file structure-v6.pdb (PDB, C-alpha atoms, pLDDT in the B column)
ATOM      1  CA  MET M   9      -3.413 -10.124  -1.011  1.00 74.00           C
ATOM      2  CA  PRO M  10      -1.846  -6.711  -1.156  1.00 90.00           C
ATOM      3  CA  PHE M  11       1.841  -6.107  -0.666  1.00 95.00           C
ATOM      4  CA  VAL M  12       2.285  -2.507   0.443  1.00 97.00           C
ATOM      5  CA  GLU M  13       5.630  -0.716   0.274  1.00 98.00           C
ATOM      6  CA  VAL M  14       5.970   2.670   1.921  1.00 98.00           C
ATOM      7  CA  PHE M  15       8.922   4.889   1.079  1.00 97.00           C
ATOM      8  CA  ALA M  16       9.422   7.910   3.315  1.00 95.00           C
ATOM      9  CA  PRO M  17      12.425   9.857   4.572  1.00 92.00           C
ATOM     10  CA  ARG M  18      13.932   8.486   7.768  1.00 90.00           C
ATOM     11  CA  GLY M  19      11.768   9.397  10.753  1.00 90.00           C
ATOM     12  CA  ALA M  20       8.848  10.763   8.731  1.00 92.00           C
ATOM     13  CA  LEU M  21       6.526   8.039   9.997  1.00 94.00           C
ATOM     14  CA  ASP M  22       7.816   7.838  13.552  1.00 93.00           C
ATOM     15  CA  GLY M  23       5.639   8.678  16.511  1.00 93.00           C
ATOM     16  CA  GLU M  24       2.004   7.958  17.185  1.00 94.00           C
ATOM     17  CA  ARG M  25       0.645   9.290  13.866  1.00 92.00           C
ATOM     18  CA  GLY M  26       3.208   7.319  11.862  1.00 93.00           C
ATOM     19  CA  THR M  27       2.538   4.120  13.771  1.00 94.00           C
ATOM     20  CA  ARG M  28      -1.201   4.553  13.272  1.00 95.00           C
ATOM     21  CA  ALA M  29      -0.652   5.152   9.533  1.00 96.00           C
ATOM     22  CA  LYS M  30       1.368   1.964   9.155  1.00 94.00           C
ATOM     23  CA  GLU M  31      -1.300   0.030  11.034  1.00 92.00           C
ATOM     24  CA  ARG M  32      -4.112   1.492   8.892  1.00 96.00           C
ATOM     25  CA  LEU M  33      -2.546   1.212   5.443  1.00 96.00           C
ATOM     26  CA  VAL M  34      -3.011  -2.536   4.973  1.00 93.00           C
ATOM     27  CA  ALA M  35      -6.570  -2.451   6.333  1.00 94.00           C
ATOM     28  CA  GLU M  36      -7.505   0.398   3.975  1.00 96.00           C
ATOM     29  CA  VAL M  37      -5.931  -1.312   0.964  1.00 96.00           C
ATOM     30  CA  MET M  38      -7.684  -4.581   1.800  1.00 94.00           C
ATOM     31  CA  ALA M  39     -11.026  -2.772   2.099  1.00 95.00           C
ATOM     32  CA  ALA M  40     -10.553  -1.042  -1.265  1.00 96.00           C
ATOM     33  CA  GLU M  41      -9.561  -4.324  -2.869  1.00 92.00           C
ATOM     34  CA  GLY M  42     -12.678  -5.993  -1.468  1.00 90.00           C
ATOM     35  CA  ALA M  43     -10.728  -8.540   0.557  1.00 88.00           C
ATOM     36  CA  PRO M  44     -12.404  -9.953   3.643  1.00 87.00           C
ATOM     37  CA  ASP M  45     -10.968  -8.838   6.979  1.00 87.00           C
ATOM     38  CA  THR M  46     -10.129 -12.332   8.176  1.00 88.00           C
ATOM     39  CA  PRO M  47      -7.031 -13.807   9.816  1.00 90.00           C
ATOM     40  CA  ALA M  48      -6.181 -15.680   6.589  1.00 89.00           C
ATOM     41  CA  ALA M  49      -6.450 -12.500   4.491  1.00 90.00           C
ATOM     42  CA  ARG M  50      -4.434 -10.450   6.992  1.00 91.00           C
ATOM     43  CA  ASP M  51      -1.771 -13.166   7.149  1.00 91.00           C
ATOM     44  CA  ILE M  52      -0.920 -12.632   3.472  1.00 90.00           C
ATOM     45  CA  SER M  53      -1.375  -8.832   3.427  1.00 92.00           C
ATOM     46  CA  TRP M  54       2.024  -7.323   4.151  1.00 94.00           C
ATOM     47  CA  LEU M  55       3.514  -3.882   4.578  1.00 97.00           C
ATOM     48  CA  VAL M  56       7.174  -2.895   4.577  1.00 97.00           C
ATOM     49  CA  VAL M  57       8.628   0.530   5.213  1.00 97.00           C
ATOM     50  CA  THR M  58      11.774   1.744   3.504  1.00 97.00           C
ATOM     51  CA  GLU M  59      13.418   4.859   4.862  1.00 96.00           C
ATOM     52  CA  PRO M  60      16.169   5.854   2.451  1.00 94.00           C
ATOM     53  CA  ASP M  61      19.020   7.914   3.823  1.00 89.00           C
ATOM     54  CA  ASP M  62      18.953  10.019   0.675  1.00 90.00           C
ATOM     55  CA  TRP M  63      15.851  11.479  -0.987  1.00 90.00           C
ATOM     56  CA  PHE M  64      16.324  13.524  -4.143  1.00 92.00           C
ATOM     57  CA  VAL M  65      13.742  15.708  -5.862  1.00 91.00           C
ATOM     58  CA  GLY M  66      14.549  17.112  -9.279  1.00 92.00           C
ATOM     59  CA  GLY M  67      18.094  15.821  -8.942  1.00 95.00           C
ATOM     60  CA  ARG M  68      18.727  17.680  -5.687  1.00 94.00           C
ATOM     61  CA  PRO M  69      18.738  16.297  -2.146  1.00 93.00           C
ATOM     62  CA  LEU M  70      15.593  16.989  -0.167  1.00 89.00           C
ATOM     63  CA  PRO M  71      16.655  19.484   2.527  1.00 89.00           C
ATOM     64  CA  ALA M  72      16.366  18.127   6.070  1.00 84.00           C
ATOM     65  CA  ASP M  73      13.982  20.940   7.040  1.00 89.00           C
ATOM     66  CA  GLU M  74      11.607  20.356   4.106  1.00 91.00           C
ATOM     67  CA  PRO M  75       8.444  18.343   4.826  1.00 94.00           C
ATOM     68  CA  PRO M  76       8.655  14.692   3.796  1.00 94.00           C
ATOM     69  CA  ARG M  77       7.600  13.190   0.503  1.00 95.00           C
ATOM     70  CA  TYR M  78       5.959   9.769   0.321  1.00 97.00           C
ATOM     71  CA  LEU M  79       5.614   6.933  -2.121  1.00 98.00           C
ATOM     72  CA  VAL M  80       3.270   4.046  -1.473  1.00 98.00           C
ATOM     73  CA  ARG M  81       3.462   1.137  -3.888  1.00 98.00           C
ATOM     74  CA  VAL M  82       0.630  -1.382  -3.648  1.00 98.00           C
ATOM     75  CA  SER M  83       1.064  -4.690  -5.466  1.00 96.00           C
ATOM     76  CA  VAL M  84      -2.057  -6.770  -6.051  1.00 94.00           C
ATOM     77  CA  PRO M  85      -2.969  -9.669  -8.331  1.00 91.00           C
ATOM     78  CA  ALA M  86      -4.083  -8.546 -11.788  1.00 92.00           C
ATOM     79  CA  GLY M  87      -7.818  -8.867 -12.125  1.00 89.00           C
ATOM     80  CA  SER M  88      -8.526  -7.949  -8.515  1.00 89.00           C
ATOM     81  CA  LEU M  89      -9.067  -4.244  -9.251  1.00 94.00           C
ATOM     82  CA  ASP M  90     -11.363  -2.258 -11.502  1.00 96.00           C
ATOM     83  CA  ASP M  91     -11.286   1.519 -11.979  1.00 97.00           C
ATOM     84  CA  GLY M  92     -13.558   2.101  -8.989  1.00 97.00           C
ATOM     85  CA  LYS M  93     -11.350   0.022  -6.697  1.00 97.00           C
ATOM     86  CA  ARG M  94      -8.228   1.746  -8.025  1.00 97.00           C
ATOM     87  CA  ARG M  95      -9.710   5.175  -7.311  1.00 98.00           C
ATOM     88  CA  ASP M  96     -10.907   4.065  -3.860  1.00 98.00           C
ATOM     89  CA  MET M  97      -7.498   2.600  -3.011  1.00 97.00           C
ATOM     90  CA  ILE M  98      -5.643   5.765  -4.026  1.00 98.00           C
ATOM     91  CA  GLU M  99      -8.102   7.915  -2.044  1.00 98.00           C
ATOM     92  CA  ARG M 100      -7.770   5.708   1.055  1.00 98.00           C
ATOM     93  CA  VAL M 101      -3.964   5.593   0.949  1.00 98.00           C
ATOM     94  CA  THR M 102      -3.778   9.355   0.420  1.00 98.00           C
ATOM     95  CA  ARG M 103      -6.118   9.926   3.386  1.00 97.00           C
ATOM     96  CA  VAL M 104      -3.895   7.772   5.635  1.00 97.00           C
ATOM     97  CA  LEU M 105      -0.810   9.734   4.553  1.00 97.00           C
ATOM     98  CA  ALA M 106      -2.604  13.051   5.103  1.00 96.00           C
ATOM     99  CA  ASP M 107      -3.620  11.965   8.600  1.00 95.00           C
ATOM    100  CA  ALA M 108       0.012  11.056   9.355  1.00 95.00           C
ATOM    101  CA  ASP M 109       1.466  14.292   8.027  1.00 93.00           C
ATOM    102  CA  GLU M 110       1.872  17.425  10.130  1.00 92.00           C
ATOM    103  CA  ASP M 111       0.153  19.400   7.341  1.00 95.00           C
ATOM    104  CA  ALA M 112      -2.608  17.148   6.045  1.00 92.00           C
ATOM    105  CA  GLY M 113      -3.654  19.582   3.319  1.00 96.00           C
ATOM    106  CA  ARG M 114      -0.345  19.572   1.498  1.00 96.00           C
ATOM    107  CA  VAL M 115      -0.772  15.991   0.235  1.00 96.00           C
ATOM    108  CA  TYR M 116      -3.883  17.210  -1.590  1.00 97.00           C
ATOM    109  CA  SER M 117      -2.417  20.456  -2.896  1.00 97.00           C
ATOM    110  CA  ALA M 118       0.962  19.297  -4.259  1.00 95.00           C
ATOM    111  CA  PRO M 119       2.297  15.988  -5.618  1.00 96.00           C
ATOM    112  CA  VAL M 120       4.237  15.091  -2.455  1.00 96.00           C
ATOM    113  CA  ALA M 121       2.534  11.735  -1.897  1.00 97.00           C
ATOM    114  CA  TRP M 122       2.445   9.307  -4.810  1.00 97.00           C
ATOM    115  CA  VAL M 123       0.509   6.042  -4.903  1.00 98.00           C
ATOM    116  CA  HIS M 124       1.587   3.433  -7.448  1.00 98.00           C
ATOM    117  CA  LEU M 125      -0.711   0.494  -8.069  1.00 98.00           C
ATOM    118  CA  VAL M 126       1.141  -2.505  -9.443  1.00 97.00           C
ATOM    119  CA  GLU M 127      -1.020  -5.284 -10.809  1.00 96.00           C
ATOM    120  CA  ILE M 128       0.993  -8.493 -10.912  1.00 95.00           C
ATOM    121  CA  PRO M 129       0.042 -10.653 -13.926  1.00 95.00           C
ATOM    122  CA  ASP M 130      -1.772 -13.878 -13.098  1.00 91.00           C
ATOM    123  CA  GLY M 131       0.708 -16.671 -12.547  1.00 92.00           C
ATOM    124  CA  ASN M 132       3.444 -14.333 -11.276  1.00 94.00           C
ATOM    125  CA  TRP M 133       2.598 -14.657  -7.561  1.00 89.00           C
ATOM    126  CA  GLY M 134       4.235 -17.549  -5.785  1.00 91.00           C
ATOM    127  CA  ALA M 135       4.278 -18.956  -2.272  1.00 88.00           C
ATOM    128  CA  MET M 136       5.036 -22.245  -0.587  1.00 88.00           C
ATOM    129  CA  GLY M 137       7.085 -23.297  -3.604  1.00 94.00           C
ATOM    130  CA  ARG M 138       4.283 -23.009  -6.146  1.00 94.00           C
ATOM    131  CA  VAL M 139       2.458 -20.547  -8.369  1.00 94.00           C
ATOM    132  CA  PHE M 140      -0.515 -18.862  -6.734  1.00 89.00           C
ATOM    133  CA  ARG M 141      -3.111 -17.674  -9.233  1.00 89.00           C
ATOM    134  CA  LEU M 142      -5.951 -15.357  -8.231  1.00 85.00           C
ATOM    135  CA  PRO M 143      -8.363 -18.281  -7.614  1.00 88.00           C
ATOM    136  CA  ASP M 144      -5.710 -19.920  -5.384  1.00 88.00           C
ATOM    137  CA  ILE M 145      -5.393 -16.713  -3.374  1.00 86.00           C
ATOM    138  CA  ILE M 146      -9.170 -16.419  -3.044  1.00 84.00           C
ATOM    139  CA  GLU M 147      -9.355 -20.048  -1.943  1.00 86.00           C
ATOM    140  CA  HIS M 148      -6.637 -19.497   0.644  1.00 85.00           C
ATOM    141  CA  VAL M 149      -8.368 -16.412   2.041  1.00 85.00           C
ATOM    142  CA  ALA M 150     -11.916 -17.781   1.904  1.00 81.00           C
ATOM    143  CA  GLY M 151     -11.040 -21.348   2.885  1.00 76.00           C
ATOM    144  CA  ALA M 152     -13.081 -22.665  -0.033  1.00 63.00           C
ATOM    145  CA  PRO M 153     -12.489 -22.974  -3.793  1.00 61.00           C
ATOM    146  CA  ALA M 154     -13.154 -19.812  -5.765  1.00 56.00           C
ATOM    147  CA  ALA M 155     -16.387 -19.755  -7.764  1.00 58.00           C
ATOM    148  CA  GLY M 156     -15.922 -20.052 -11.505  1.00 53.00           C
TER     149      GLY M 156
END
call {"tool": "encode", "arguments": {"input": "structure-v6.pdb", "output": "structure tokens"}}
result
Amino acid sequence: MPFVEVFAPRGALDGERGTRAKERLVAEVMAAEGAPDTPAARDISWLVVTEPDDWFVGGRPLPADEPPRYLVRVSVPAGSLDDGKRRDMIERVTRVLADADEDAGRVYSAPVAWVHLVEIPDGNWGAMGRVFRLPDIIEHVAGAPAAG
């Protein structure tokens, strides 16, 4: 059940490459998390894009002619990731951003694309007016009670 937030300067993810990136991000995050690619899992795996009017780097506005910077924040239930999944998720998100950028290599050569993984403590997810713990999420996605 990832919640993916993408921050990029206005227009940076427009066009075919940007659209494809937005479509791919949730699928890549779900795969890294180990979530099944089912309608129930996709229904609770969201992505929002924020395009701030102002983007500052080092306290100065990012010039309009400078290539964009990116921040992708992925929120997942605590306990759903281990170090291998974290590494895989960061690699997958970075690859999607590189594919969307006009200069794919720059996201690997300079810190212009950050990925923040936010693990929400168990009991701090809620939907339908109640607390959703990790087993509840697994049950919702799998359609059966979680083992253990």
call {"tool": "resolve_selection", "arguments": {"input": "structure-v6.pdb", "expression": "the PyMOL selection byres ((chain M and resi 77-89) around 6)", "output": "PyMOL selection string"}}
result
chain M and resi 10-16+76+90+93+120-130
call {"tool": "write_last_selection", "arguments": {"input": "structure-v6.pdb", "atoms": "C-alpha atoms", "output": "short mmCIF file (atom, residue, chain, number, x, y, z; two decimals), in the frame of the given file"}}
result
data_model
loop_
_atom_site.label_atom_id
_atom_site.label_comp_id
_atom_site.auth_asym_id
_atom_site.auth_seq_id
_atom_site.Cartn_x
_atom_site.Cartn_y
_atom_site.Cartn_z
CA PRO M 10 -1.85 -6.71 -1.16
CA PHE M 11 1.84 -6.11 -0.67
CA VAL M 12 2.28 -2.51 0.44
CA GLU M 13 5.63 -0.72 0.27
CA VAL M 14 5.97 2.67 1.92
CA PHE M 15 8.92 4.89 1.08
CA ALA M 16 9.42 7.91 3.32
CA PRO M 76 8.65 14.69 3.80
CA ASP M 90 -11.36 -2.26 -11.50
CA LYS M 93 -11.35 0.02 -6.70
CA VAL M 120 4.24 15.09 -2.46
CA ALA M 121 2.53 11.74 -1.90
CA TRP M 122 2.44 9.31 -4.81
CA VAL M 123 0.51 6.04 -4.90
CA HIS M 124 1.59 3.43 -7.45
CA LEU M 125 -0.71 0.49 -8.07
CA VAL M 126 1.14 -2.50 -9.44
CA GLU M 127 -1.02 -5.28 -10.81
CA ILE M 128 0.99 -8.49 -10.91
CA PRO M 129 0.04 -10.65 -13.93
CA ASP M 130 -1.77 -13.88 -13.10
#
call {"tool": "closest_residue", "arguments": {"input": "structure-v6.pdb", "among": "M:Ile52, M:Ile98, M:Glu31, M:Glu41", "to": "Ala135 in chain M", "atoms": "all atoms listed in the file"}}
result
M:Ile52
call {"tool": "atom_distance", "arguments": {"input": "structure-v6.pdb", "atom1": "CA of Glu147 in chain M", "atom2": "CA of Ala48 in chain M"}}
result
10.1 Å
call {"tool": "resolve_selection", "arguments": {"input": "structure-v6.pdb", "expression": "the PyMOL selection byres ((chain M and resi 109) around 12)", "output": "NGL selection string"}}
result
:M and (16 or 19-29 or 75-78 or 102-108 or 110-116 or 120-121)
call {"tool": "axis_aligned_box", "arguments": {"input": "structure-v6.pdb", "around": "range 44-50 of chain M", "padding_each_side": "8 Å", "output": "AutoDock Vina command-line options"}}
result
--center_x -8.4 --center_y -12.3 --center_z 6.7 --size_x 24.0 --size_y 22.8 --size_z 22.2
call {"tool": "atom_distance", "arguments": {"input": "structure-v6.pdb", "atom1": "CA of Gly151 in chain M", "atom2": "CA of Ala35 in chain M"}}
result
19.7 Å
call {"tool": "resolve_selection", "arguments": {"input": "structure-v6.pdb", "expression": "the PyMOL selection byres ((chain M and resi 148) around 12)", "output": "list in words"}}
result
Met9, Ala43, Pro44, Thr46, Pro47, Ala48, Ala49, Arg50, Asp51, Ile52, Ala135, Phe140, Arg141, Leu142, Pro143, Asp144, Ile145, Ile146, Glu147, Val149, Ala150, Gly151, Ala152, Pro153 and Ala154 of chain M
call {"tool": "write_last_selection", "arguments": {"input": "structure-v6.pdb", "atoms": "C-alpha atoms", "output": "PDB file, keeping the file's coordinate frame"}}
result
ATOM      1  CA  MET M   9      -3.413 -10.124  -1.011  1.00 74.00           C
ATOM      2  CA  ALA M  43     -10.728  -8.540   0.557  1.00 88.00           C
ATOM      3  CA  PRO M  44     -12.404  -9.953   3.643  1.00 87.00           C
ATOM      4  CA  THR M  46     -10.129 -12.332   8.176  1.00 88.00           C
ATOM      5  CA  PRO M  47      -7.031 -13.807   9.816  1.00 90.00           C
ATOM      6  CA  ALA M  48      -6.181 -15.680   6.589  1.00 89.00           C
ATOM      7  CA  ALA M  49      -6.450 -12.500   4.491  1.00 90.00           C
ATOM      8  CA  ARG M  50      -4.434 -10.450   6.992  1.00 91.00           C
ATOM      9  CA  ASP M  51      -1.771 -13.166   7.149  1.00 91.00           C
ATOM     10  CA  ILE M  52      -0.920 -12.632   3.472  1.00 90.00           C
ATOM     11  CA  ALA M 135       4.278 -18.956  -2.272  1.00 88.00           C
ATOM     12  CA  PHE M 140      -0.515 -18.862  -6.734  1.00 89.00           C
ATOM     13  CA  ARG M 141      -3.111 -17.674  -9.233  1.00 89.00           C
ATOM     14  CA  LEU M 142      -5.951 -15.357  -8.231  1.00 85.00           C
ATOM     15  CA  PRO M 143      -8.363 -18.281  -7.614  1.00 88.00           C
ATOM     16  CA  ASP M 144      -5.710 -19.920  -5.384  1.00 88.00           C
ATOM     17  CA  ILE M 145      -5.393 -16.713  -3.374  1.00 86.00           C
ATOM     18  CA  ILE M 146      -9.170 -16.419  -3.044  1.00 84.00           C
ATOM     19  CA  GLU M 147      -9.355 -20.048  -1.943  1.00 86.00           C
ATOM     20  CA  VAL M 149      -8.368 -16.412   2.041  1.00 85.00           C
ATOM     21  CA  ALA M 150     -11.916 -17.781   1.904  1.00 81.00           C
ATOM     22  CA  GLY M 151     -11.040 -21.348   2.885  1.00 76.00           C
ATOM     23  CA  ALA M 152     -13.081 -22.665  -0.033  1.00 63.00           C
ATOM     24  CA  PRO M 153     -12.489 -22.974  -3.793  1.00 61.00           C
ATOM     25  CA  ALA M 154     -13.154 -19.812  -5.765  1.00 56.00           C
TER      26      ALA M 154
END
call {"tool": "closest_residue", "arguments": {"input": "structure-v6.pdb", "among": "M:Val139, M:Ala72, M:Met97, M:Met38", "to": "Trp54 in chain M", "atoms": "all atoms listed in the file"}}
result
M:Met38
call {"tool": "closest_residue", "arguments": {"input": "structure-v6.pdb", "among": "M:Arg18, M:Arg95, M:Leu33, M:Ser117", "to": "Leu70 in chain M", "atoms": "only C-alpha atoms"}}
result
M:Arg18
call {"tool": "atom_distance", "arguments": {"input": "structure-v6.pdb", "atom1": "CA of Val101 in chain M", "atom2": "CA of Ala40 in chain M"}}
result
9.6 Å
call {"tool": "closest_residue", "arguments": {"input": "structure-v6.pdb", "among": "M:Arg32, M:Gly42, M:Val37, M:Pro17", "to": "Pro60 in chain M", "atoms": "all atoms listed in the file"}}
result
M:Pro17
